[in-house]
Every structure is written in structure tokens, then in C-alpha cells.
$ cat work.txt   # compact mmCIF, C-alpha atoms
# COMPACT_ATOMS: atom_id res chain seq x y z
CA MET A 1 -2.40 -2.26 59.94
CA THR A 2 -2.67 1.43 60.80
CA ARG A 3 0.40 3.38 59.80
CA PRO A 4 1.45 6.60 61.53
CA ALA A 5 0.31 9.61 59.54
CA PRO A 6 3.27 11.69 58.35
CA ASP A 7 3.26 15.40 59.12
CA ILE A 8 2.84 17.74 56.17
CA VAL A 9 6.55 18.60 55.94
CA THR A 10 7.62 14.96 55.92
CA LEU A 11 4.92 14.17 53.37
CA GLU A 12 6.22 16.85 51.00
CA VAL A 13 9.81 15.73 51.46
CA ILE A 14 8.96 12.13 50.56
CA ARG A 15 6.65 13.22 47.75
CA ASN A 16 9.55 15.06 46.12
CA VAL A 17 12.49 12.86 47.05
CA LEU A 18 11.17 9.77 45.26
CA PRO A 19 11.01 11.47 41.82
CA ALA A 20 14.34 13.13 42.61
CA ILE A 21 15.95 9.71 43.10
CA ALA A 22 14.54 8.50 39.76
CA ASN A 23 15.83 11.63 38.04
CA GLU A 24 19.26 11.22 39.63
CA MET A 25 19.32 7.65 38.31
CA SER A 26 18.51 9.10 34.90
CA TYR A 27 21.41 11.55 35.05
CA VAL A 28 23.84 8.78 35.98
CA LEU A 29 22.66 6.54 33.17
CA GLN A 30 22.64 9.27 30.54
CA ARG A 31 26.08 10.64 31.41
CA THR A 32 27.88 7.30 31.71
CA SER A 33 26.26 5.29 28.89
CA TYR A 34 28.13 4.29 25.75
CA ASN A 35 25.57 4.43 22.95
CA MET A 36 23.74 7.41 21.53
CA MET A 37 20.31 5.79 21.89
CA ILE A 38 20.72 6.42 25.61
CA TYR A 39 22.77 9.60 25.95
CA GLU A 40 21.23 11.43 22.96
CA VAL A 41 17.81 9.91 22.22
CA ARG A 42 17.19 9.12 25.91
CA ASP A 43 15.59 5.81 24.97
CA TYR A 44 15.42 4.59 28.55
CA CYS A 45 13.56 4.91 31.82
CA CYS A 46 14.47 4.75 35.50
CA GLY A 47 12.14 4.03 38.37
CA LEU A 48 11.54 2.90 41.94
CA LEU A 49 8.99 0.22 42.75
CA ASP A 50 7.78 -1.46 45.90
CA VAL A 51 7.86 -5.20 46.59
CA THR A 52 4.50 -5.71 44.86
CA GLY A 53 5.63 -3.92 41.71
CA ARG A 54 3.75 -0.68 42.34
CA LEU A 55 5.47 2.32 40.77
CA LEU A 56 6.78 4.74 43.40
CA SER A 57 8.42 7.14 40.96
CA GLN A 58 9.81 7.39 37.45
CA ASN A 59 12.16 9.84 35.79
CA THR A 60 10.82 12.68 33.67
CA GLY A 61 11.79 13.03 30.05
CA GLY A 62 12.94 10.22 27.83
CA VAL A 63 10.48 8.30 25.70
CA SER A 64 6.91 8.15 26.91
CA HIS A 65 6.22 4.55 25.86
CA PHE A 66 8.05 3.33 28.98
CA VAL A 67 5.49 4.98 31.28
CA ALA A 68 4.48 2.70 34.16
CA ASP A 69 5.74 -0.36 32.30
CA LEU A 70 8.14 -1.77 34.89
CA GLY A 71 5.91 -3.30 37.55
CA VAL A 72 4.92 -6.38 35.57
CA VAL A 73 8.59 -7.42 35.35
CA ILE A 74 9.12 -6.90 39.08
CA ARG A 75 6.06 -8.98 39.91
CA ASP A 76 7.31 -11.73 37.62
CA GLY A 77 10.72 -11.68 39.31
CA VAL A 78 9.20 -11.84 42.79
CA SER A 79 6.96 -14.73 41.78
CA ARG A 80 10.00 -16.60 40.47
CA PHE A 81 12.50 -15.97 43.28
CA GLY A 82 10.17 -15.10 46.16
CA VAL A 83 10.46 -12.06 48.40
CA ASP A 84 13.10 -13.89 50.41
CA GLY A 85 15.04 -14.78 47.27
CA PHE A 86 16.69 -11.37 46.97
CA ARG A 87 19.78 -10.26 48.88
CA PRO A 88 21.75 -7.01 49.02
CA GLY A 89 24.05 -6.84 46.01
CA ASP A 90 21.75 -8.77 43.65
CA VAL A 91 21.30 -7.49 40.10
CA MET A 92 18.77 -8.94 37.67
CA ILE A 93 18.81 -8.66 33.88
CA THR A 94 15.87 -9.46 31.59
CA ASN A 95 14.47 -8.58 28.20
CA HIS A 96 12.23 -11.58 27.58
CA GLN A 97 9.05 -10.94 25.64
CA ARG A 98 6.83 -13.38 27.54
CA VAL A 99 6.22 -10.77 30.27
CA ALA A 100 6.63 -7.22 28.99
CA GLY A 101 6.84 -7.81 25.26
CA GLN A 102 9.05 -5.28 23.50
CA HIS A 103 11.92 -5.59 21.10
CA LEU A 104 14.84 -7.39 22.68
CA ASN A 105 17.11 -4.32 22.58
CA ASN A 106 15.19 -2.92 25.55
CA ILE A 107 17.21 -4.43 28.39
CA MET A 108 15.86 -4.12 31.93
CA ILE A 109 18.25 -4.12 34.88
CA TYR A 110 16.86 -4.04 38.41
CA SER A 111 18.17 -4.55 41.92
CA PRO A 112 16.60 -4.88 45.39
CA CYS A 113 16.67 -1.95 47.79
CA PHE A 114 17.16 -2.86 51.44
CA ALA A 115 16.79 -0.71 54.53
CA GLY A 116 17.59 -2.01 57.97
CA GLY A 117 18.20 -5.46 56.50
CA GLU A 118 14.64 -5.69 55.11
CA LEU A 119 13.59 -5.54 51.47
CA PHE A 120 11.85 -2.23 50.76
CA GLY A 121 11.50 -2.28 46.99
CA PHE A 122 13.43 -2.26 43.74
CA ALA A 123 15.39 0.16 41.59
CA ALA A 124 14.97 -0.46 37.87
CA THR A 125 16.23 0.83 34.55
CA ARG A 126 15.25 -0.12 31.03
CA ALA A 127 17.50 1.06 28.20
CA HIS A 128 17.97 0.47 24.49
CA TRP A 129 21.20 -1.38 23.77
CA ILE A 130 22.80 -0.88 20.38
CA ASP A 131 23.02 -4.64 19.80
CA VAL A 132 21.67 -7.89 21.26
CA GLY A 133 22.80 -10.21 18.49
CA GLY A 134 20.25 -11.44 15.97
CA LEU A 135 19.94 -10.25 12.39
CA SER A 136 21.06 -6.66 12.79
CA THR A 137 22.14 -3.89 15.14
CA GLY A 138 20.61 -0.55 16.06
CA PHE A 139 16.83 -0.62 16.19
CA SER A 140 16.81 -4.40 16.44
CA ALA A 141 16.19 -6.92 13.71
CA GLY A 142 13.02 -5.20 12.56
CA ASN A 143 12.06 -7.94 10.12
CA ALA A 144 12.74 -10.87 12.45
CA ALA A 145 9.94 -13.40 12.20
CA ASP A 146 10.49 -14.77 15.71
CA PRO A 147 12.39 -13.85 18.90
CA TRP A 148 15.26 -16.26 18.19
CA LEU A 149 16.07 -14.43 14.97
CA GLU A 150 15.80 -11.11 16.77
CA GLY A 151 18.56 -11.68 19.28
CA LEU A 152 19.68 -12.78 22.72
CA GLN A 153 16.82 -13.61 25.11
CA LEU A 154 17.46 -13.09 28.83
CA ASP A 155 14.76 -14.27 31.20
CA GLN A 156 15.21 -13.02 34.78
CA ILE A 157 18.92 -13.83 35.04
CA LYS A 158 20.61 -13.01 38.36
CA LEU A 159 23.79 -11.46 37.00
CA TRP A 160 25.12 -10.43 40.41
CA ASP A 161 24.30 -12.72 43.33
CA ALA A 162 24.84 -10.99 46.68
CA GLY A 163 27.42 -8.75 45.03
CA ARG A 164 29.24 -11.54 43.23
CA LEU A 165 29.30 -11.39 39.43
CA ASP A 166 28.25 -14.50 37.53
CA GLU A 167 31.21 -14.66 35.17
CA THR A 168 29.61 -17.37 33.03
CA ALA A 169 26.46 -15.36 32.36
CA TRP A 170 28.58 -12.27 31.68
CA ARG A 171 30.63 -14.12 29.05
CA ILE A 172 27.52 -15.58 27.41
CA ILE A 173 26.06 -12.09 26.96
CA LYS A 174 29.36 -10.55 25.88
CA ASP A 175 30.12 -13.28 23.32
CA ASN A 176 26.74 -12.99 21.61
CA ILE A 177 26.71 -9.29 20.77
CA ARG A 178 28.64 -7.50 18.05
CA TYR A 179 29.76 -4.50 20.09
CA PRO A 180 30.44 -5.81 23.59
CA GLU A 181 32.26 -2.68 24.73
CA SER A 182 29.20 -0.54 24.06
CA SER A 183 26.53 -2.90 25.36
CA MET A 184 28.44 -4.08 28.42
CA GLY A 185 29.32 -0.47 29.15
CA ASP A 186 25.62 0.39 29.06
CA LEU A 187 24.96 -2.54 31.38
CA LYS A 188 27.45 -1.14 33.88
CA SER A 189 25.78 2.28 33.61
CA GLN A 190 22.40 0.76 34.38
CA VAL A 191 23.84 -1.09 37.36
CA ALA A 192 25.45 2.13 38.62
CA ALA A 193 22.10 3.93 38.43
CA CYS A 194 20.45 1.16 40.44
CA ARG A 195 23.23 1.14 43.03
CA LEU A 196 22.79 4.87 43.53
CA ALA A 197 19.06 4.40 44.05
CA GLU A 198 19.68 1.65 46.61
CA LYS A 199 21.77 4.09 48.65
CA ARG A 200 19.25 6.93 48.36
CA VAL A 201 16.30 4.72 49.35
CA GLU A 202 18.13 3.42 52.40
CA GLU A 203 18.98 6.98 53.44
CA ILE A 204 15.37 8.15 53.31
CA VAL A 205 13.95 5.06 55.05
CA VAL A 206 16.55 5.17 57.83
CA ARG A 207 15.94 8.88 58.34
CA TYR A 208 12.14 8.81 58.61
CA GLY A 209 11.38 5.18 59.41
CA ARG A 210 9.82 2.55 57.17
CA GLU A 211 6.28 3.00 58.48
CA VAL A 212 6.32 6.75 57.95
CA VAL A 213 7.70 6.42 54.43
CA GLU A 214 5.13 3.77 53.49
CA ALA A 215 2.31 5.88 54.94
CA ALA A 216 3.50 8.90 52.96
CA ILE A 217 3.62 6.83 49.77
CA GLU A 218 0.03 5.70 50.27
CA ARG A 219 -1.00 9.32 50.84
CA VAL A 220 0.76 10.40 47.64
CA PHE A 221 -0.98 7.61 45.72
CA ASP A 222 -4.38 8.68 47.10
CA GLN A 223 -3.79 12.30 46.18
CA SER A 224 -2.60 11.42 42.66
CA GLU A 225 -5.69 9.32 42.13
CA ALA A 226 -7.92 12.15 43.41
CA ARG A 227 -6.31 14.64 40.99
CA CYS A 228 -6.86 12.28 38.07
CA ARG A 229 -10.46 11.64 39.05
CA ALA A 230 -11.10 15.37 39.32
CA ALA A 231 -9.77 15.88 35.78
CA VAL A 232 -11.92 13.08 34.37
CA GLU A 233 -14.99 14.28 36.26
CA ARG A 234 -14.85 17.58 34.38
CA LEU A 235 -15.39 15.73 31.10
CA PRO A 236 -18.90 14.91 29.86
CA ASP A 237 -20.07 11.38 30.60
CA GLY A 238 -20.45 9.21 27.54
CA VAL A 239 -18.91 6.70 25.19
CA TYR A 240 -16.35 7.93 22.66
CA ASP A 241 -15.14 5.84 19.73
CA ALA A 242 -12.33 6.26 17.24
CA GLU A 243 -10.43 4.00 14.92
CA SER A 244 -7.50 4.14 12.59
CA LEU A 245 -5.49 1.82 10.38
CA PHE A 246 -1.91 1.33 9.40
CA GLY A 247 -0.51 -0.71 6.57
CA GLY A 248 -0.50 -4.46 6.42
CA HIS A 249 2.27 -6.87 5.49
CA PRO A 250 2.61 -9.72 3.00
CA LEU A 251 2.94 -12.16 5.90
CA ASP A 252 -0.62 -11.17 6.86
CA ASN A 253 -1.95 -10.99 3.31
CA ASN A 254 -1.54 -7.18 3.41
CA GLU A 255 -4.54 -6.89 5.71
CA PRO A 256 -4.47 -3.46 7.41
CA VAL A 257 -3.92 -3.38 11.15
CA LEU A 258 -6.89 -1.91 13.01
CA ILE A 259 -6.57 0.37 16.02
CA LYS A 260 -10.04 0.73 17.51
CA VAL A 261 -10.49 2.56 20.79
CA ARG A 262 -13.58 3.03 22.92
CA VAL A 263 -13.36 5.41 25.84
CA THR A 264 -16.15 5.37 28.43
CA ILE A 265 -16.48 8.14 31.01
CA ALA A 266 -18.81 7.75 33.98
CA GLY A 267 -18.27 10.36 36.66
CA SER A 268 -14.62 10.14 37.66
CA ASP A 269 -14.13 6.67 36.15
CA MET A 270 -12.58 6.13 32.75
CA THR A 271 -12.39 2.89 30.79
CA ILE A 272 -10.25 2.50 27.68
CA ASP A 273 -11.39 -0.49 25.64
CA LEU A 274 -8.88 -1.95 23.18
CA THR A 275 -10.56 -5.32 22.69
CA GLN A 276 -11.53 -4.52 19.09
CA CYS A 277 -7.96 -3.96 17.92
CA SER A 278 -6.51 -6.46 15.48
CA SER A 279 -5.40 -9.85 16.72
CA GLU A 280 -1.77 -11.00 16.78
CA ARG A 281 0.10 -10.61 13.52
CA ARG A 282 2.80 -12.63 11.81
CA GLN A 283 4.60 -9.42 10.96
CA PRO A 284 6.83 -8.29 13.86
CA ILE A 285 4.66 -5.45 15.17
CA ASN A 286 3.20 -7.18 18.20
CA ALA A 287 3.71 -6.02 21.77
CA ARG A 288 2.72 -6.95 25.29
CA THR A 289 2.29 -3.68 27.14
CA LEU A 290 -0.40 -1.26 28.31
CA ALA A 291 1.80 1.76 27.65
CA ALA A 292 -0.48 3.32 25.00
CA PRO A 293 -3.61 3.72 27.17
CA LEU A 294 -1.53 4.78 30.18
CA ILE A 295 0.18 7.48 28.10
CA ALA A 296 -3.19 8.76 26.94
CA TYR A 297 -4.67 8.81 30.44
CA LYS A 298 -1.64 10.58 31.88
CA ALA A 299 -1.73 13.18 29.10
CA ILE A 300 -5.38 13.94 29.77
CA THR A 301 -5.40 13.96 33.57
CA MET A 302 -2.12 15.15 35.16
CA PRO A 303 0.48 15.60 32.40
CA SER A 304 2.83 17.81 34.41
CA ASP A 305 2.87 15.79 37.63
CA PRO A 306 5.37 13.05 38.45
CA VAL A 307 4.34 9.51 37.55
CA ASN A 308 3.39 7.04 40.26
CA GLU A 309 1.00 4.14 40.72
CA GLY A 310 -1.77 6.39 42.01
CA ALA A 311 -1.90 8.19 38.67
CA PHE A 312 -3.45 5.09 37.07
CA ARG A 313 -5.57 3.58 39.84
CA ALA A 314 -8.77 5.13 38.54
CA LEU A 315 -8.21 3.89 34.99
CA ARG A 316 -9.59 0.62 33.72
CA VAL A 317 -8.08 -0.87 30.58
CA GLU A 318 -9.91 -3.64 28.76
CA ILE A 319 -7.77 -5.76 26.49
CA GLN A 320 -7.61 -9.44 25.72
CA GLU A 321 -4.90 -12.03 25.27
CA GLY A 322 -4.07 -12.51 21.63
CA ASN A 323 -4.68 -8.88 20.74
CA TYR A 324 -1.65 -7.55 18.85
CA MET A 325 -1.15 -5.08 21.71
CA MET A 326 -1.25 -7.95 24.25
CA ALA A 327 0.39 -10.65 22.17
CA ARG A 328 1.45 -14.04 23.44
CA PHE A 329 5.04 -15.23 23.27
CA PRO A 330 6.54 -16.12 20.77
CA ALA A 331 4.62 -13.65 18.59
CA PRO A 332 7.27 -11.55 16.76
CA MET A 333 7.82 -8.18 18.44
CA ALA A 334 10.94 -6.79 16.76
CA SER A 335 9.08 -3.68 15.53
CA TRP A 336 6.91 -3.34 18.63
CA GLY A 337 7.09 0.48 18.65
CA ARG A 338 4.60 0.69 15.80
CA THR A 339 1.87 -0.55 18.14
CA LEU A 340 2.03 2.81 19.91
CA ARG A 341 1.39 4.88 16.80
CA SER A 342 -1.94 5.58 15.21
CA ARG A 343 -1.02 4.81 11.60
CA ALA A 344 1.92 3.76 9.45
CA ASP A 345 2.74 7.21 8.13
CA SER A 346 3.11 8.54 11.69
CA ALA A 347 6.28 6.55 12.33
CA ARG A 348 8.06 9.78 13.16
CA GLN A 349 7.51 11.08 16.67
CA ASP A 350 6.70 14.62 17.62
CA SER A 351 9.35 16.98 18.93
CA ARG A 352 9.02 15.78 22.51
CA GLY A 353 9.21 12.08 21.74
CA ALA A 354 5.63 11.04 22.56
CA PRO A 355 3.97 8.64 20.12
CA ARG A 356 0.87 10.02 18.46
CA CYS A 357 -1.32 7.41 20.08
CA ALA A 358 -1.49 9.63 23.17
CA ARG A 359 -2.78 12.49 21.03
CA ARG A 360 -5.20 10.16 19.26
CA HIS A 361 -6.77 9.09 22.57
CA GLY A 362 -6.94 12.72 23.65
CA ARG A 363 -8.73 13.72 20.46
CA VAL A 364 -11.34 11.01 20.95
CA LEU A 365 -12.40 12.88 24.07
CA TRP A 366 -11.78 16.34 22.64
CA ARG A 367 -14.18 15.92 19.72
CA GLY A 368 -17.19 15.38 21.93
CA SER A 369 -16.29 17.56 24.86
CA ARG A 370 -17.57 20.95 25.89
CA HIS A 371 -14.30 21.50 27.77
CA ARG A 372 -12.10 21.64 24.72
CA SER A 373 -9.72 24.27 26.01
CA ALA A 374 -8.77 22.14 29.02
CA LEU A 375 -8.33 19.05 26.88
CA ARG A 376 -6.29 20.91 24.31
CA HIS A 377 -4.01 22.09 27.13
CA ALA A 378 -3.68 18.55 28.52
CA GLU A 379 -3.04 17.10 25.09
CA HIS A 380 -0.24 19.60 24.47
CA ARG A 381 1.36 19.24 27.89
CA GLY A 382 1.12 15.46 27.78
CA ARG A 383 3.58 15.07 24.93
CA GLY A 384 6.51 15.43 27.27
CA MET A 385 5.08 13.33 30.12
CA GLY A 386 6.21 15.85 32.72
CA ARG A 387 9.21 17.22 30.87
CA PRO A 388 9.61 21.01 31.19
CA PRO A 389 8.47 22.96 28.10
CA LEU A 390 11.11 23.38 25.43
CA ARG A 391 12.48 26.88 25.14
CA ARG A 392 13.93 26.51 21.70
CA ARG A 393 11.85 26.98 18.59
CA ARG A 394 10.15 23.82 17.38
CA VAL A 395 10.98 22.75 13.85
CA GLY A 396 10.34 19.86 11.55
CA VAL A 397 6.83 18.72 12.49
CA GLY A 398 4.87 21.53 10.98
CA VAL A 399 4.62 24.01 8.16
CA GLY A 400 4.76 27.77 8.29
CA VAL A 401 6.40 30.89 7.01
CA PRO A 402 9.65 32.46 8.21
CA GLY A 403 9.24 34.59 11.31
CA ARG A 404 5.95 33.00 12.35
CA ARG A 405 5.14 30.10 14.62
CA ALA A 406 4.81 26.86 12.70
CA GLN A 407 1.32 25.50 12.12
CA ARG A 408 0.91 21.79 12.84
CA ALA A 409 0.26 19.82 9.66
CA ASP A 410 -1.67 17.04 11.33

$ encode --input "work.txt" --output "C-alpha cells"
Amino acid sequence: MTRPAPDIVTLEVIRNVLPAIANEMSYVLQRTSYNMMIYEVRDYCCGLLDVTGRLLSQNTGGVSHFVADLGVVIRDGVSRFGVDGFRPGDVMITNHQRVAGQHLNNIMIYSPCFAGGELFGFAATRAHWIDVGGLSTGFSAGNAADPWLEGLQLDQIKLWDAGRLDETAWRIIKDNIRYPESSMGDLKSQVAACRLAEKRVEEIVVRYGREVVEAAIERVFDQSEARCRAAVERLPDGVYDAESLFGGHPLDNNEPVLIKVRVTIAGSDMTIDLTQCSSERRQPINARTLAAPLIAYKAITMPSDPVNEGAFRALRVEIQEGNYMMARFPAPMASWGRTLRSRADSARQDSRGAPRCARRHGRVLWRGSRHRSALRHAEHRGRGMGRPPLRRRRVGVGVGVPGRRAQRAD
């Protein structure tokens, strides 16, 4: 079907309004949340997605390991309920590891966005709750040997059905967490952010028409892909390898965990091969997400631009089921964040919150490239995933002398 081409002004309005909606969701969530992991650490993400789970926009700032990691949950929800199974006023809650495996504290709330009575897409938030039951609070039960020890598992539960709260589901969640005021308050904040997005999406679709908005989105995707391809095309063709280890665990006979990456560049195409990484582990470090390669690609190609589906269309990621980065439920995932870091002693994050895996991927390319200045710039800018540069002096992740800029120790 041929869609009407939007004029340049309309295109720019829609290009900017979608990230603006995601950022407004972020402000609502941050300012109304109850626990410091959200309002201080900003351990959350907000985004808009279409009916097929393609990412329309995502907020800037926050933690980078949520980049483009929402669509798989939306696709799973649509496959379960069907496109016609959503109604205005619905709210879904899920944290189950079978789809987007992370620690159970990362609760995803999403709701359908309607315009003119037709489903247009979804508004989604994922945020770190202070408690989900299990062995401990805070950063989850990090030593849990299985998901049932880790906490409460919620698998695509419709918490609000056409605007009506499921009181039974609400009580089940509330009665199984230690600090219900905090966690249920965060839930309400996430719902408020999604409700705001529903209103904003309807406003923009009603104003310009569904066909025009969809055509503009496709144009934005195409342009994002073209920008990424242009950045990759400036890099020398070739195959680049790197590997690293982090410490093992008695449950796995103390065998070190291998991170082995192969990056292949051919023209404007890039392939990140993670098939040689270690298999699933009995220690709770497993995950089921492609966040690490997506972070790296975004950092190298268009680190300062808003995130959308087009930013990753030219990237191919090779990974296999059973890899510890693509683990199968019920592999333990309570300490999943370690899968995004290059080695055990890099558990701390840099000053902008990006795991070092993004820098590791960037350095694989940097070592063999003649365009090192461009890559160094991309690697630096990519740490914030689009966040404006910090104006305050950076401290803590470097060494130096008083009165001089700190030198990075790594």
C-alpha cells in the first residue's frame, strides 16, 4: 500500500515529537516514582512501539542496557492476546524471563495506544522495583539459583482490563513484596507515564492522520538506517576479533566465563557474532537480551541521535540459543547485568552509566581502523546513548593530579 508522502515540515514535527513523548514519559516516571533506583539512578526506560513491536522512540538518558529491548515483549503479548485482544484502558504487567530474560526486579508495564478507535501501537516502561519478593530486596536476589527463589514472576498479566483494575491480581502482587507502598507506587507511576503517552499519540495521529504519521515513521526509519550505514561504510572492511574473561563460580567449577566477539564489516553491513561466548551457566549471570551488541552498534554509528528501529536495521547479530547471553528459561538470571560487562572487575559503570561492553566492542574496531579519531569520538559519545554531555567535572573513574583533567585508568 502506497502511503502519502509527508511534507518536510510534517516529517520534522513527527521525527521530533515521538522522542519528545518518550522523554515526557520519562519525566513523569522519574518525578512520581517512590524508590531511588528510579528517581536517582534512573534505572528505567520509556518507549513507544508499533503493533509489530518496532521501536518508534525511546527516552534519552537512564541506563543503556535497556536500549531497544522492549519490542520482543510487545510481540509476545500480541501473539498471546492477538491484535484484537487489546482495548482502551488495558494495562499489562510482565517481568518473566522466558521472553526478555533479566532479573525479576525489572518490571515492564505497557498499554495500547488507540487513535480513532483503532490500535496504533503501545506505550511501555521498564523500571527497577526495590523488591519483588524472593531472597532479598534491592538489586534482586543475586545468588538465587532459579527464578522461583528470585521472586515474583509475572507473565503478561492484564492488570487493567478496559480500564477496570483486576483487584485479585493487585492483591497477589501487593501481598508478595516486602515494601508494597514503594513498589505499588512505582507501578502507578509507570501506568501514569503510559497513560500520558496514550494521550499524546492520539493527539498526533488525529492531527496529521494515521497514514501520514505511518509514512513519516517509515521515512525516519530509512534515514536512521542510512546514517548508520554511512558510518559503518567509513570503516575498513574486515573481520575483527576480541575476547575477554570474567571470573567463574563454584557452581560451574570456577570455569571462567568467556566473552568472545567477532565483528565483520563488509561495505555498510556489520555483523556482530557472539556464538563463541560461553554457554548457559548455573551461576545466576545468564540473560536473554541483545542489548550488548545494540549498545555497541549505536555507540559506533549514531550515538547522539534518538533511538528507533531504523538505527538497528543494518545490523546483524549472530547468537544461538543456550548461549549465556541468550539463555533458556529457567536458567538463573538474578545477576543478569554482569553479562553486559567485559570482565568481573569492571562491575562498576562509567560516569554516564553505560556498561563497558559498548566500549569493548568499539575498541575491537578501533584497533584495526585507519579512522581512529572518528571511532574515538563515537566511543566517547556513545556512553550516554544520546544524553547531553555532562557539564560537571568527572570524578571517580580515573586518576590524575589536582587542577588537571583526570586520565582514564583503563

$ residues_around --input "work.txt" --residues "A:Arg75" --least-positions-apart "5" --cutoff "12 Å" --atoms "all atoms listed in the file" --output "PyMOL selection string"
chain A and resi 49-55+69-70+80-83+99-100+110+121-122+156

$ write_last_selection --input "work.txt" --atoms "C-alpha atoms" --output "tab-separated table (two decimals), in the frame of the given file"
chain	number	residue	atom	x	y	z
A	49	LEU	CA	8.99	0.22	42.75
A	50	ASP	CA	7.78	-1.46	45.90
A	51	VAL	CA	7.86	-5.20	46.59
A	52	THR	CA	4.50	-5.71	44.86
A	53	GLY	CA	5.63	-3.92	41.71
A	54	ARG	CA	3.75	-0.68	42.34
A	55	LEU	CA	5.47	2.32	40.77
A	69	ASP	CA	5.74	-0.36	32.30
A	70	LEU	CA	8.14	-1.77	34.89
A	80	ARG	CA	10.00	-16.60	40.47
A	81	PHE	CA	12.50	-15.97	43.28
A	82	GLY	CA	10.17	-15.10	46.16
A	83	VAL	CA	10.46	-12.06	48.40
A	99	VAL	CA	6.22	-10.77	30.27
A	100	ALA	CA	6.63	-7.22	28.99
A	110	TYR	CA	16.86	-4.04	38.41
A	121	GLY	CA	11.50	-2.28	46.99
A	122	PHE	CA	13.43	-2.26	43.74
A	156	GLN	CA	15.21	-13.02	34.78

$ residues_around --input "work.txt" --residues "A:Lys174" --least-positions-apart "5" --cutoff "10 Å" --atoms "all atoms listed in the file" --output "tab-separated table (two decimals) with C-alpha atoms, in the coordinates of the input"
chain	number	residue	atom	x	y	z
A	132	VAL	CA	21.67	-7.89	21.26
A	133	GLY	CA	22.80	-10.21	18.49
A	168	THR	CA	29.61	-17.37	33.03
A	169	ALA	CA	26.46	-15.36	32.36
A	179	TYR	CA	29.76	-4.50	20.09
A	180	PRO	CA	30.44	-5.81	23.59
A	181	GLU	CA	32.26	-2.68	24.73
A	183	SER	CA	26.53	-2.90	25.36
A	184	MET	CA	28.44	-4.08	28.42

$ closest_residue --input "work.txt" --among "A:Thr271, A:Asn95, A:Thr137, A:Asn143" --to "A:Ala296" --atoms "only C-alpha atoms"
A:Thr271

$ residues_around --input "work.txt" --residues "stretch 192-206 of chain A" --least-positions-apart "6" --cutoff "10 Å" --atoms "all atoms listed in the file" --output "VMD selection string"
chain A and resid 13 to 14 17 to 18 20 to 30 32 46 to 48 88 to 89 91 109 to 117 120 to 125 186 212 to 214

$ closest_residue --input "work.txt" --among "A:Ala266, A:Ile259, A:Ala127, A:Val307" --to "A:Met36" --atoms "all atoms listed in the file"
A:Ala127

$ decode --input "work.txt" --residues "stretch 218-239 of chain A" --atoms "N, CA and C atoms" --output "CSV table (one decimal), in the first residue's frame"
chain,number,residue,atom,x,y,z
A,218,GLU,N,8.1,5.6,8.7
A,218,GLU,CA,8.9,4.8,7.7
A,218,GLU,C,10.1,5.6,7.2
A,219,ARG,N,9.8,6.9,6.9
A,219,ARG,CA,10.9,7.7,6.4
A,219,ARG,C,12.0,8.0,7.4
A,220,VAL,N,11.6,8.1,8.7
A,220,VAL,CA,12.6,8.3,9.7
A,220,VAL,C,13.4,7.0,9.9
A,221,PHE,N,12.8,5.9,9.8
A,221,PHE,CA,13.5,4.6,9.9
A,221,PHE,C,14.5,4.5,8.8
A,222,ASP,N,14.1,4.8,7.6
A,222,ASP,CA,15.0,4.8,6.4
A,222,ASP,C,16.2,5.7,6.6
A,223,GLN,N,15.9,6.9,7.1
A,223,GLN,CA,17.0,7.9,7.2
A,223,GLN,C,18.0,7.4,8.3
A,224,SER,N,17.4,6.9,9.4
A,224,SER,CA,18.3,6.4,10.5
A,224,SER,C,19.2,5.3,10.0
A,225,GLU,N,18.6,4.4,9.3
A,225,GLU,CA,19.4,3.3,8.7
A,225,GLU,C,20.5,3.8,7.8
A,226,ALA,N,20.2,4.8,6.9
A,226,ALA,CA,21.1,5.3,6.0
A,226,ALA,C,22.3,6.0,6.8
A,227,ARG,N,22.0,6.7,7.9
A,227,ARG,CA,23.1,7.3,8.7
A,227,ARG,C,24.0,6.3,9.3
A,228,CYS,N,23.4,5.2,9.8
A,228,CYS,CA,24.2,4.1,10.4
A,228,CYS,C,25.1,3.5,9.3
A,229,ARG,N,24.5,3.2,8.2
A,229,ARG,CA,25.3,2.6,7.1
A,229,ARG,C,26.4,3.5,6.6
A,230,ALA,N,26.2,4.8,6.6
A,230,ALA,CA,27.2,5.7,6.2
A,230,ALA,C,28.4,5.7,7.2
A,231,ALA,N,28.0,5.5,8.5
A,231,ALA,CA,29.1,5.5,9.5
A,231,ALA,C,29.9,4.2,9.4
A,232,VAL,N,29.2,3.1,9.2
A,232,VAL,CA,29.9,1.8,9.0
A,232,VAL,C,30.8,1.8,7.8
A,233,GLU,N,30.3,2.4,6.7
A,233,GLU,CA,31.0,2.3,5.4
A,233,GLU,C,32.3,3.1,5.5
A,234,ARG,N,32.5,4.0,6.4
A,234,ARG,CA,33.7,4.7,6.6
A,234,ARG,C,34.8,3.8,7.2
A,235,LEU,N,34.4,2.7,7.8
A,235,LEU,CA,35.3,1.8,8.5
A,235,LEU,C,35.9,0.8,7.5
A,236,PRO,N,37.2,0.4,7.7
A,236,PRO,CA,37.8,-0.6,6.8
A,236,PRO,C,37.0,-1.9,6.8
A,237,ASP,N,36.8,-2.5,5.7
A,237,ASP,CA,36.2,-3.9,5.6
A,237,ASP,C,37.2,-4.8,6.3
A,238,GLY,N,36.6,-5.9,6.9
A,238,GLY,CA,37.5,-6.9,7.5
A,238,GLY,C,36.7,-7.6,8.6
A,239,VAL,N,37.5,-8.5,9.3
A,239,VAL,CA,37.0,-9.3,10.4
A,239,VAL,C,37.8,-8.9,11.6
